[in-house]
>>> print(open('upload.cif').read())   # mmCIF, C-alpha atoms
data_coords
#
loop_
_atom_site.group_PDB
_atom_site.id
_atom_site.type_symbol
_atom_site.label_atom_id
_atom_site.label_comp_id
_atom_site.auth_asym_id
_atom_site.auth_seq_id
_atom_site.Cartn_x
_atom_site.Cartn_y
_atom_site.Cartn_z
ATOM 1 C CA MET A 1 266.198 102.632 200.919
ATOM 2 C CA ARG A 2 265.384 104.638 197.800
ATOM 3 C CA SER A 3 263.205 107.071 199.744
ATOM 4 C CA ALA A 4 266.034 107.559 202.244
ATOM 5 C CA VAL A 5 268.491 108.323 199.442
ATOM 6 C CA ARG A 6 266.054 110.757 197.839
ATOM 7 C CA GLY A 7 265.705 112.585 201.124
ATOM 8 C CA LEU A 8 269.460 113.124 201.564
ATOM 9 C CA PRO A 9 269.683 116.371 199.519
ATOM 10 C CA GLY A 10 266.829 117.929 201.450
ATOM 11 C CA THR A 11 268.320 116.834 204.755
ATOM 12 C CA ALA A 12 271.700 118.263 203.747
ATOM 13 C CA VAL A 13 270.119 121.614 202.885
ATOM 14 C CA LEU A 14 268.294 121.683 206.229
ATOM 15 C CA LEU A 15 271.506 120.868 208.100
ATOM 16 C CA LEU A 16 273.340 123.648 206.277
ATOM 17 C CA GLY A 17 270.549 126.072 207.114
ATOM 18 C CA ALA A 18 270.604 125.016 210.766
ATOM 19 C CA ALA A 19 274.388 125.448 210.908
ATOM 20 C CA TYR A 20 274.103 128.883 209.291
ATOM 21 C CA CYS A 21 271.573 129.977 211.916
ATOM 22 C CA LEU A 22 273.239 128.357 214.931
ATOM 23 C CA LEU A 23 276.845 129.302 214.175
ATOM 24 C CA PRO A 24 276.527 132.926 215.406
ATOM 25 C CA VAL A 25 274.640 131.728 218.489
ATOM 26 C CA GLY A 26 277.380 129.241 219.244
ATOM 27 C CA TRP A 27 280.023 131.937 218.866
ATOM 28 C CA VAL A 28 278.191 134.242 221.272
ATOM 29 C CA LEU A 29 277.886 131.487 223.870
ATOM 30 C CA VAL A 30 281.589 130.612 223.593
ATOM 31 C CA ALA A 31 282.733 134.243 223.484
ATOM 32 C CA SER A 32 280.753 135.052 226.646
ATOM 33 C CA SER A 33 283.059 132.681 228.533
ATOM 34 C CA LYS A 34 286.193 134.644 227.576
ATOM 35 C CA SER A 35 287.938 137.391 229.467
ATOM 36 C CA ARG A 36 288.881 140.640 227.722
ATOM 37 C CA ALA A 37 292.367 139.326 226.954
ATOM 38 C CA GLU A 38 291.092 135.954 225.725
ATOM 39 C CA LEU A 39 288.426 137.525 223.494
ATOM 40 C CA PHE A 40 290.994 138.973 221.082
ATOM 41 C CA SER A 41 293.763 136.411 221.489
ATOM 42 C CA GLN A 42 292.120 132.969 221.384
ATOM 43 C CA ASN A 43 290.525 131.118 218.502
ATOM 44 C CA ALA A 44 286.892 131.989 217.816
ATOM 45 C CA PHE A 45 285.402 128.767 219.203
ATOM 46 C CA GLU A 46 287.931 128.100 221.957
ATOM 47 C CA PRO A 47 286.207 128.356 225.381
ATOM 48 C CA GLY A 48 287.593 130.856 227.851
ATOM 49 C CA THR A 49 287.855 131.071 231.620
ATOM 50 C CA GLY A 50 286.137 134.379 232.352
ATOM 51 C CA LEU A 51 282.433 133.543 232.338
ATOM 52 C CA LEU A 52 281.891 134.071 236.049
ATOM 53 C CA ASP A 53 283.867 137.311 236.056
ATOM 54 C CA ASN A 54 281.895 138.550 233.063
ATOM 55 C CA LEU A 55 278.598 137.805 234.808
ATOM 56 C CA LEU A 56 279.708 139.577 237.968
ATOM 57 C CA GLU A 57 280.978 142.582 236.049
ATOM 58 C CA LEU A 58 277.775 142.761 234.021
ATOM 59 C CA SER A 59 275.674 142.629 237.194
ATOM 60 C CA ARG A 60 277.730 145.404 238.785
ATOM 61 C CA TYR A 61 277.699 147.694 235.753
ATOM 62 C CA ARG A 62 275.788 150.856 236.711
ATOM 63 C CA GLU A 63 274.273 149.148 239.753
ATOM 64 C CA GLY A 64 272.826 146.250 237.779
ATOM 65 C CA ILE A 65 271.037 148.191 235.052
ATOM 66 C CA PHE A 66 271.316 145.138 232.773
ATOM 67 C CA TRP A 67 268.795 143.276 234.929
ATOM 68 C CA GLN A 68 266.489 146.296 234.740
ATOM 69 C CA TRP A 69 266.705 146.027 230.955
ATOM 70 C CA MET A 70 265.929 142.323 231.225
ATOM 71 C CA LEU A 71 262.832 143.003 233.347
ATOM 72 C CA ASN A 72 261.716 145.743 230.964
ATOM 73 C CA THR A 73 262.061 143.386 228.010
ATOM 74 C CA ALA A 74 260.109 140.670 229.807
ATOM 75 C CA LEU A 75 257.350 143.197 230.532
ATOM 76 C CA TYR A 76 257.222 144.502 226.967
ATOM 77 C CA ALA A 77 257.327 141.048 225.383
ATOM 78 C CA GLY A 78 255.128 139.206 227.899
ATOM 79 C CA ALA A 79 252.377 141.796 228.320
ATOM 80 C CA GLY A 80 252.511 142.868 224.670
ATOM 81 C CA ALA A 81 252.304 139.294 223.374
ATOM 82 C CA LEU A 82 249.428 138.413 225.729
ATOM 83 C CA LEU A 83 247.407 141.490 224.778
ATOM 84 C CA SER A 84 248.136 141.019 221.079
ATOM 85 C CA THR A 85 247.133 137.345 221.255
ATOM 86 C CA ALA A 86 243.878 138.222 223.037
ATOM 87 C CA VAL A 87 242.978 140.844 220.430
ATOM 88 C CA ALA A 88 243.928 138.482 217.597
ATOM 89 C CA ALA A 89 241.882 135.626 219.080
ATOM 90 C CA VAL A 90 238.687 137.657 219.371
ATOM 91 C CA SER A 91 239.141 139.450 216.042
ATOM 92 C CA GLY A 92 240.138 136.337 214.111
ATOM 93 C CA TYR A 93 237.276 134.350 215.616
ATOM 94 C CA ALA A 94 234.765 137.041 214.650
ATOM 95 C CA LEU A 95 236.073 137.220 211.083
ATOM 96 C CA ALA A 96 236.024 133.430 210.712
ATOM 97 C CA VAL A 97 232.645 132.621 212.296
ATOM 98 C CA TYR A 98 230.298 135.546 211.720
ATOM 99 C CA ARG A 99 228.958 136.890 208.453
ATOM 100 C CA PHE A 100 228.459 140.661 208.430
ATOM 101 C CA ARG A 101 228.639 143.564 206.009
ATOM 102 C CA GLY A 102 232.207 144.715 205.376
ATOM 103 C CA ARG A 103 233.751 141.455 206.568
ATOM 104 C CA ASN A 104 235.742 140.855 203.390
ATOM 105 C CA LEU A 105 236.797 144.519 203.267
ATOM 106 C CA ILE A 106 238.181 144.324 206.808
ATOM 107 C CA PHE A 107 240.041 141.133 205.950
ATOM 108 C CA ASN A 108 241.545 142.710 202.817
ATOM 109 C CA VAL A 109 242.654 145.742 204.826
ATOM 110 C CA LEU A 110 244.342 143.377 207.280
ATOM 111 C CA ILE A 111 246.219 141.698 204.446
ATOM 112 C CA GLY A 112 247.276 145.129 203.222
ATOM 113 C CA GLY A 113 248.475 145.979 206.724
ATOM 114 C CA ILE A 114 250.713 142.903 206.703
ATOM 115 C CA LEU A 115 252.533 144.305 203.679
ATOM 116 C CA VAL A 116 253.395 147.600 205.411
ATOM 117 C CA PRO A 117 256.857 147.417 207.044
ATOM 118 C CA SER A 118 256.896 148.291 210.732
ATOM 119 C CA VAL A 119 259.776 150.701 210.050
ATOM 120 C CA VAL A 120 257.424 152.906 208.033
ATOM 121 C CA LEU A 121 254.988 153.143 210.961
ATOM 122 C CA ALA A 122 257.539 153.904 213.680
ATOM 123 C CA ILE A 123 257.736 157.679 213.162
ATOM 124 C CA PRO A 124 253.934 158.220 212.822
ATOM 125 C CA GLN A 125 253.406 156.116 215.943
ATOM 126 C CA TYR A 126 255.922 158.233 217.828
ATOM 127 C CA LEU A 127 254.228 161.472 216.749
ATOM 128 C CA LEU A 128 250.800 160.185 217.791
ATOM 129 C CA LEU A 129 251.954 158.933 221.178
ATOM 130 C CA ALA A 130 253.954 162.097 221.789
ATOM 131 C CA LYS A 131 250.775 164.164 221.304
ATOM 132 C CA LEU A 132 249.072 161.955 223.880
ATOM 133 C CA GLY A 133 251.940 162.487 226.305
ATOM 134 C CA LEU A 134 252.928 158.821 226.261
ATOM 135 C CA ALA A 135 256.393 159.145 224.715
ATOM 136 C CA ASN A 136 259.203 157.900 226.951
ATOM 137 C CA THR A 137 256.793 155.690 228.897
ATOM 138 C CA TYR A 138 256.239 151.938 228.999
ATOM 139 C CA TRP A 139 252.978 152.438 227.108
ATOM 140 C CA ALA A 140 254.898 153.871 224.146
ATOM 141 C CA VAL A 141 256.408 150.421 223.534
ATOM 142 C CA LEU A 142 253.399 148.325 224.571
ATOM 143 C CA LEU A 143 250.539 149.991 222.691
ATOM 144 C CA PRO A 144 251.844 149.857 219.077
ATOM 145 C CA GLY A 145 252.194 146.078 219.202
ATOM 146 C CA ILE A 146 248.771 145.176 220.566
ATOM 147 C CA VAL A 147 246.941 145.256 217.235
ATOM 148 C CA HIS A 148 249.030 143.199 214.824
ATOM 149 C CA PRO A 149 247.497 142.444 211.399
ATOM 150 C CA TYR A 150 249.466 139.269 210.810
ATOM 151 C CA SER A 151 248.404 137.824 214.173
ATOM 152 C CA ILE A 152 244.742 138.535 213.400
ATOM 153 C CA TYR A 153 245.194 136.943 209.978
ATOM 154 C CA LEU A 154 246.671 133.793 211.519
ATOM 155 C CA ALA A 155 243.902 133.609 214.122
ATOM 156 C CA ARG A 156 241.242 133.978 211.438
ATOM 157 C CA VAL A 157 242.747 131.237 209.261
ATOM 158 C CA TYR A 158 243.212 128.854 212.209
ATOM 159 C CA ALA A 159 239.727 129.485 213.605
ATOM 160 C CA ALA A 160 238.154 128.811 210.204
ATOM 161 C CA ALA A 161 240.012 125.496 209.968
ATOM 162 C CA ALA A 162 239.752 124.296 213.575
ATOM 163 C CA ILE A 163 236.207 125.227 214.625
ATOM 164 C CA PRO A 164 233.399 123.270 212.883
ATOM 165 C CA ALA A 165 230.307 125.335 212.167
ATOM 166 C CA SER A 166 228.159 122.369 213.203
ATOM 167 C CA LEU A 167 229.661 122.466 216.698
ATOM 168 C CA LEU A 168 228.724 126.108 217.125
ATOM 169 C CA ASP A 169 225.243 125.445 215.780
ATOM 170 C CA ALA A 170 224.818 122.667 218.332
ATOM 171 C CA GLY A 171 225.892 125.055 221.078
ATOM 172 C CA ARG A 172 223.340 127.638 219.981
ATOM 173 C CA ILE A 173 220.593 124.993 219.925
ATOM 174 C CA ASP A 174 221.535 124.057 223.501
ATOM 175 C CA GLY A 175 221.097 127.693 224.499
ATOM 176 C CA ALA A 176 224.748 128.657 224.960
ATOM 177 C CA SER A 177 225.508 132.349 224.545
ATOM 178 C CA GLU A 178 228.038 133.555 221.998
ATOM 179 C CA VAL A 179 230.462 134.586 224.741
ATOM 180 C CA ARG A 180 230.215 131.189 226.424
ATOM 181 C CA MET A 181 230.837 129.370 223.143
ATOM 182 C CA LEU A 182 233.869 131.547 222.552
ATOM 183 C CA VAL A 183 235.334 130.904 226.001
ATOM 184 C CA ARG A 184 234.336 127.272 226.555
ATOM 185 C CA ILE A 185 234.421 125.830 223.014
ATOM 186 C CA SER A 186 236.310 127.975 220.524
ATOM 187 C CA LEU A 187 239.315 129.244 222.462
ATOM 188 C CA PRO A 188 240.382 125.762 223.684
ATOM 189 C CA MET A 189 240.218 124.512 220.099
ATOM 190 C CA MET A 190 242.293 127.496 218.963
ATOM 191 C CA THR A 191 244.980 126.980 221.631
ATOM 192 C CA PRO A 192 247.771 125.663 219.326
ATOM 193 C CA GLY A 193 247.213 128.540 216.918
ATOM 194 C CA LEU A 194 247.133 131.086 219.738
ATOM 195 C CA VAL A 195 250.347 129.666 221.181
ATOM 196 C CA THR A 196 251.962 130.162 217.790
ATOM 197 C CA ILE A 197 250.731 133.749 217.659
ATOM 198 C CA PHE A 198 251.977 134.370 221.199
ATOM 199 C CA LEU A 199 255.432 133.019 220.353
ATOM 200 C CA PHE A 200 255.675 135.065 217.155
ATOM 201 C CA GLN A 201 254.709 138.230 218.977
ATOM 202 C CA PHE A 202 256.891 137.514 222.008
ATOM 203 C CA VAL A 203 259.983 136.991 219.856
ATOM 204 C CA ALA A 204 259.184 140.010 217.667
ATOM 205 C CA ILE A 205 258.785 142.322 220.669
ATOM 206 C CA TRP A 206 261.770 140.801 222.490
ATOM 207 C CA ASN A 207 264.006 141.506 219.469
ATOM 208 C CA ASN A 208 262.425 144.857 218.578
ATOM 209 C CA PHE A 209 264.959 147.664 218.404
ATOM 210 C CA LEU A 210 263.730 150.581 216.312
ATOM 211 C CA LEU A 211 260.446 151.317 218.125
ATOM 212 C CA PRO A 212 261.858 151.515 221.681
ATOM 213 C CA TYR A 213 264.929 153.322 220.355
ATOM 214 C CA ILE A 214 262.667 156.054 218.970
ATOM 215 C CA MET A 215 260.140 156.106 221.808
ATOM 216 C CA LEU A 216 262.381 156.014 224.878
ATOM 217 C CA ALA A 217 264.912 158.503 226.217
ATOM 218 C CA ASP A 218 265.252 157.214 229.782
ATOM 219 C CA ASP A 219 267.747 154.350 229.802
ATOM 220 C CA THR A 220 266.065 152.777 232.845
ATOM 221 C CA LYS A 221 263.119 151.975 230.534
ATOM 222 C CA PHE A 222 265.263 150.506 227.750
ATOM 223 C CA PRO A 223 264.757 146.911 226.610
ATOM 224 C CA LEU A 224 267.771 144.661 226.114
ATOM 225 C CA THR A 225 268.179 145.488 222.437
ATOM 226 C CA VAL A 226 268.544 149.230 223.011
ATOM 227 C CA GLY A 227 270.468 148.814 226.255
ATOM 228 C CA LEU A 228 273.042 146.488 224.702
ATOM 229 C CA TYR A 229 273.316 148.843 221.725
ATOM 230 C CA THR A 230 274.238 151.715 224.048
ATOM 231 C CA LEU A 231 276.878 149.472 225.614
ATOM 232 C CA LEU A 232 278.215 148.615 222.165
ATOM 233 C CA VAL A 233 278.446 152.298 221.212
ATOM 234 C CA SER A 234 280.225 153.075 224.482
ATOM 235 C CA GLY A 235 282.593 150.198 223.739
ATOM 236 C CA ALA A 236 284.133 152.257 220.924
ATOM 237 C CA ASN A 237 285.783 154.363 223.647
ATOM 238 C CA GLN A 238 285.903 151.637 226.320
ATOM 239 C CA PRO A 239 286.847 148.291 224.713
ATOM 240 C CA SER A 240 286.361 146.589 228.078
ATOM 241 C CA LEU A 241 282.597 146.878 227.546
ATOM 242 C CA TYR A 242 282.685 144.469 224.596
ATOM 243 C CA THR A 243 282.743 141.478 226.932
ATOM 244 C CA LEU A 244 279.684 142.862 228.723
ATOM 245 C CA VAL A 245 277.823 143.224 225.418
ATOM 246 C CA ILE A 246 278.614 139.640 224.422
ATOM 247 C CA THR A 247 277.715 138.232 227.841
ATOM 248 C CA GLY A 248 274.462 140.209 227.872
ATOM 249 C CA SER A 249 273.630 138.946 224.371
ATOM 250 C CA ALA A 250 274.170 135.360 225.499
ATOM 251 C CA LEU A 251 271.902 135.853 228.515
ATOM 252 C CA SER A 252 269.199 137.394 226.324
ATOM 253 C CA ILE A 253 268.959 134.160 224.314
ATOM 254 C CA ILE A 254 268.168 131.958 227.323
ATOM 255 C CA PRO A 255 264.562 133.154 227.956
ATOM 256 C CA LEU A 256 263.630 132.625 224.291
ATOM 257 C CA VAL A 257 265.012 129.088 224.261
ATOM 258 C CA ALA A 258 263.239 128.291 227.541
ATOM 259 C CA LEU A 259 259.961 129.672 226.194
ATOM 260 C CA PHE A 260 260.106 127.567 223.031
ATOM 261 C CA LEU A 261 260.947 124.424 224.964
ATOM 262 C CA THR A 262 258.020 125.101 227.313
ATOM 263 C CA MET A 263 255.466 125.908 224.617
ATOM 264 C CA GLN A 264 256.271 123.175 222.104
ATOM 265 C CA ARG A 265 254.157 120.646 224.030
ATOM 266 C CA TYR A 266 251.030 122.429 222.755
ATOM 267 C CA TRP A 267 252.029 121.648 219.165
ATOM 268 C CA ARG A 268 252.711 118.005 220.009
ATOM 269 C CA THR A 269 249.338 117.761 221.769
ATOM 270 C CA ASP A 270 247.569 119.200 218.739
ATOM 271 C CA LEU A 271 249.282 116.818 216.327
ATOM 272 C CA SER A 272 248.503 113.745 218.441
ATOM 273 C CA SER A 273 244.863 114.752 218.926
ATOM 274 C CA GLY A 274 244.510 115.265 215.187
ATOM 275 C CA ALA A 275 245.890 111.777 214.582
ATOM 276 C CA VAL A 276 243.394 110.275 217.028
ATOM 277 C CA LYS A 277 240.477 112.072 215.391
ATOM 278 C CA SER A 278 241.408 110.884 211.941
#
>>> encode(input="upload.cif", output="structure tokens")
Amino acid sequence: MRSAVRGLPGTAVLLLGAAYCLLPVGWVLVASSKSRAELFSQNAFEPGTGLLDNLLELSRYREGIFWQWMLNTALYAGAGALLSTAVAAVSGYALAVYRFRGRNLIFNVLIGGILVPSVVLAIPQYLLLAKLGLANTYWAVLLPGIVHPYSIYLARVYAAAAIPASLLDAGRIDGASEVRMLVRISLPMMTPGLVTIFLFQFVAIWNNFLLPYIMLADDTKFPLTVGLYTLLVSGANQPSLYTLVITGSALSIIPLVALFLTMQRYWRTDLSSGAVKS
């Protein structure tokens, strides 16, 4: 009983934090169900009757360009997160397992790279890619996110904690090559950490605005963030577009929620296996 009472303040703080984070999401979901008239006349959290009309109007806007933005975002986030996770897995594994000259220097440079805001790098990245002729292409959004210092840092820390050196030594004694040990032994043990890295990168790229805004000029290559921003700017002269922006924002949340619900089983598996081992 005493422990339960002691935990009440912490629980209350967590509930307040959850409400603070979920309140805007709830408003977007409710507002997406309202027609243009209901959006400015009803109470904030009173459901409307225009959800279906909003979806149809959004799908018809400029011959369904919203769904092109959705596909572009899925490409940027999915391919970018996979490539970034692969690079982080190999790099983090090498930094955690092997001892070589300059290892600590590379790790310190990575930590320094974490401290550099991505906003500072956006303009130099644009100038470099423009010289290569890659500006206003899909590669202009994909390439800058492949090497991510924080992902490599996480992979290095997780590999050092999850992969016993004795297991690798046993594999070498049995004649396994380094590549085989990486693929057959190390990567499966790093799966929960790699899933975390993938989710972090997927969400970061999905929500990224500044980089594609700078890199892209063709609106058929826009991700959702930039596409919905252009709709919002146009809404200053056409208030009818506000409902499309809100409905599009609500739809953009669904893939992220579905991804988290799908991937969380890897964390549960890791926790249960750790309990069995102990």
>>> residues_around(input="upload.cif", residues="A:Thr191", least_positions_apart="5", cutoff="10 Å", atoms="only C-alpha atoms", output="PyMOL selection string")
chain A and resi 89+158-159+162+186+196-197+266-267+270
>>> closest_residue(input="upload.cif", among="A:Thr73, A:Ser166, A:Ser118, A:Ser177", to="A:Leu142", atoms="all atoms listed in the file")
A:Thr73
>>> residues_near_point(input="upload.cif", point="(265.9, 143.5, 220.6)", cutoff="8 Å", atoms="only C-alpha atoms", output="VMD selection string")
chain A and resid 205 to 209 223 to 226
>>> atom_distance(input="upload.cif", atom1="atom CA of A:Met263", atom2="atom CA of A:Tyr229")
29.2 Å
>>> resolve_selection(input="upload.cif", expression="the PyMOL selection byres ((chain A and resi 67) around 12)", output="count of residues only")
28
>>> closest_residue(input="upload.cif", among="A:Ala161, A:Leu232, A:Leu261, A:Ala44", to="A:Ser249", atoms="all atoms listed in the file")
A:Leu232
>>> closest_residue(input="upload.cif", among="A:Leu52, A:Ile106, A:Ile123, A:Leu14", to="A:Ala94", atoms="all atoms listed in the file")
A:Ile106
>>> closest_residue(input="upload.cif", among="A:Ile163, A:Val203, A:Val30, A:Leu210", to="A:Ala81", atoms="only C-alpha atoms")
A:Val203
>>> atom_distance(input="upload.cif", atom1="atom CA of A:Leu211", atom2="atom CA of A:Ala122")
5.9 Å
>>> closest_residue(input="upload.cif", among="A:Pro239, A:Pro255, A:Gly17, A:Pro212", to="A:Ser35", atoms="all atoms listed in the file")
A:Pro239
>>> atom_distance(input="upload.cif", atom1="atom CA of A:Pro188", atom2="atom CA of A:Leu154")
15.9 Å
>>> resolve_selection(input="upload.cif", expression="the PyMOL selection byres ((chain A and resi 132-136) around 8)", output="list in words")
Tyr126, Leu128, Leu129, Ala130, Lys131, Thr137, Tyr138, Trp139, Ala140, Met215, Leu216, Ala217, Asp218 and Lys221 of chain A
>>> resolve_selection(input="upload.cif", expression="the PyMOL selection byres ((chain A and resi 150) around 12)", output="short mmCIF file (atom, residue, chain, number, x, y, z; two decimals) with C-alpha atoms, in the frame of the given file")
data_model
loop_
_atom_site.label_atom_id
_atom_site.label_comp_id
_atom_site.auth_asym_id
_atom_site.auth_seq_id
_atom_site.Cartn_x
_atom_site.Cartn_y
_atom_site.Cartn_z
CA SER A 84 248.14 141.02 221.08
CA THR A 85 247.13 137.34 221.26
CA VAL A 87 242.98 140.84 220.43
CA ALA A 88 243.93 138.48 217.60
CA ALA A 89 241.88 135.63 219.08
CA SER A 91 239.14 139.45 216.04
CA GLY A 92 240.14 136.34 214.11
CA PHE A 107 240.04 141.13 205.95
CA ASN A 108 241.54 142.71 202.82
CA VAL A 109 242.65 145.74 204.83
CA LEU A 110 244.34 143.38 207.28
CA ILE A 111 246.22 141.70 204.45
CA GLY A 112 247.28 145.13 203.22
CA GLY A 113 248.48 145.98 206.72
CA ILE A 114 250.71 142.90 206.70
CA LEU A 115 252.53 144.30 203.68
CA VAL A 116 253.40 147.60 205.41
CA PRO A 117 256.86 147.42 207.04
CA SER A 118 256.90 148.29 210.73
CA GLY A 145 252.19 146.08 219.20
CA ILE A 146 248.77 145.18 220.57
CA VAL A 147 246.94 145.26 217.24
CA HIS A 148 249.03 143.20 214.82
CA PRO A 149 247.50 142.44 211.40
CA SER A 151 248.40 137.82 214.17
CA ILE A 152 244.74 138.54 213.40
CA TYR A 153 245.19 136.94 209.98
CA LEU A 154 246.67 133.79 211.52
CA ALA A 155 243.90 133.61 214.12
CA ARG A 156 241.24 133.98 211.44
CA VAL A 157 242.75 131.24 209.26
CA THR A 196 251.96 130.16 217.79
CA ILE A 197 250.73 133.75 217.66
CA PHE A 198 251.98 134.37 221.20
CA PHE A 200 255.68 135.06 217.16
CA GLN A 201 254.71 138.23 218.98
CA ALA A 204 259.18 140.01 217.67
#
>>> build_atoms(input="upload.cif", residues="stretch 219-235 of chain A", atoms="N, CA and C atoms", output="PDB file, in the frame of the given file")
ATOM      1  N   ASP A 219     267.128 155.664 229.971  1.00  0.00           N
ATOM      2  CA  ASP A 219     267.747 154.350 229.802  1.00  0.00           C
ATOM      3  C   ASP A 219     267.281 153.323 230.830  1.00  0.00           C
ATOM      4  N   THR A 220     266.617 153.746 231.896  1.00  0.00           N
ATOM      5  CA  THR A 220     266.065 152.777 232.845  1.00  0.00           C
ATOM      6  C   THR A 220     264.821 152.087 232.291  1.00  0.00           C
ATOM      7  N   LYS A 221     264.280 152.593 231.185  1.00  0.00           N
ATOM      8  CA  LYS A 221     263.119 151.975 230.534  1.00  0.00           C
ATOM      9  C   LYS A 221     263.520 151.200 229.286  1.00  0.00           C
ATOM     10  N   PHE A 222     264.801 151.188 228.958  1.00  0.00           N
ATOM     11  CA  PHE A 222     265.263 150.506 227.750  1.00  0.00           C
ATOM     12  C   PHE A 222     265.009 149.010 227.827  1.00  0.00           C
ATOM     13  N   PRO A 223     264.695 148.375 226.690  1.00  0.00           N
ATOM     14  CA  PRO A 223     264.757 146.911 226.610  1.00  0.00           C
ATOM     15  C   PRO A 223     266.193 146.480 226.363  1.00  0.00           C
ATOM     16  N   LEU A 224     266.412 145.178 226.296  1.00  0.00           N
ATOM     17  CA  LEU A 224     267.771 144.661 226.114  1.00  0.00           C
ATOM     18  C   LEU A 224     268.399 145.122 224.805  1.00  0.00           C
ATOM     19  N   THR A 225     267.612 145.142 223.737  1.00  0.00           N
ATOM     20  CA  THR A 225     268.179 145.488 222.437  1.00  0.00           C
ATOM     21  C   THR A 225     268.790 146.889 222.457  1.00  0.00           C
ATOM     22  N   VAL A 226     268.043 147.848 222.973  1.00  0.00           N
ATOM     23  CA  VAL A 226     268.544 149.230 223.011  1.00  0.00           C
ATOM     24  C   VAL A 226     269.641 149.380 224.065  1.00  0.00           C
ATOM     25  N   GLY A 227     269.462 148.723 225.211  1.00  0.00           N
ATOM     26  CA  GLY A 227     270.468 148.814 226.255  1.00  0.00           C
ATOM     27  C   GLY A 227     271.814 148.257 225.808  1.00  0.00           C
ATOM     28  N   LEU A 228     271.792 147.073 225.179  1.00  0.00           N
ATOM     29  CA  LEU A 228     273.042 146.488 224.702  1.00  0.00           C
ATOM     30  C   LEU A 228     273.640 147.315 223.569  1.00  0.00           C
ATOM     31  N   TYR A 229     272.798 147.963 222.774  1.00  0.00           N
ATOM     32  CA  TYR A 229     273.316 148.843 221.725  1.00  0.00           C
ATOM     33  C   TYR A 229     274.069 150.027 222.333  1.00  0.00           C
ATOM     34  N   THR A 230     273.532 150.606 223.396  1.00  0.00           N
ATOM     35  CA  THR A 230     274.238 151.715 224.048  1.00  0.00           C
ATOM     36  C   THR A 230     275.577 151.247 224.618  1.00  0.00           C
ATOM     37  N   LEU A 231     275.613 150.027 225.142  1.00  0.00           N
ATOM     38  CA  LEU A 231     276.878 149.472 225.614  1.00  0.00           C
ATOM     39  C   LEU A 231     277.864 149.297 224.460  1.00  0.00           C
ATOM     40  N   LEU A 232     277.357 148.827 223.320  1.00  0.00           N
ATOM     41  CA  LEU A 232     278.215 148.615 222.165  1.00  0.00           C
ATOM     42  C   LEU A 232     278.791 149.934 221.668  1.00  0.00           C
ATOM     43  N   VAL A 233     277.967 150.981 221.634  1.00  0.00           N
ATOM     44  CA  VAL A 233     278.446 152.298 221.212  1.00  0.00           C
ATOM     45  C   VAL A 233     279.493 152.825 222.189  1.00  0.00           C
ATOM     46  N   SER A 234     279.247 152.636 223.477  1.00  0.00           N
ATOM     47  CA  SER A 234     280.225 153.075 224.482  1.00  0.00           C
ATOM     48  C   SER A 234     281.514 152.278 224.377  1.00  0.00           C
ATOM     49  N   GLY A 235     281.409 151.031 223.873  1.00  0.00           N
ATOM     50  CA  GLY A 235     282.593 150.198 223.739  1.00  0.00           C
ATOM     51  C   GLY A 235     283.599 150.724 222.739  1.00  0.00           C
TER      52      GLY A 235
END
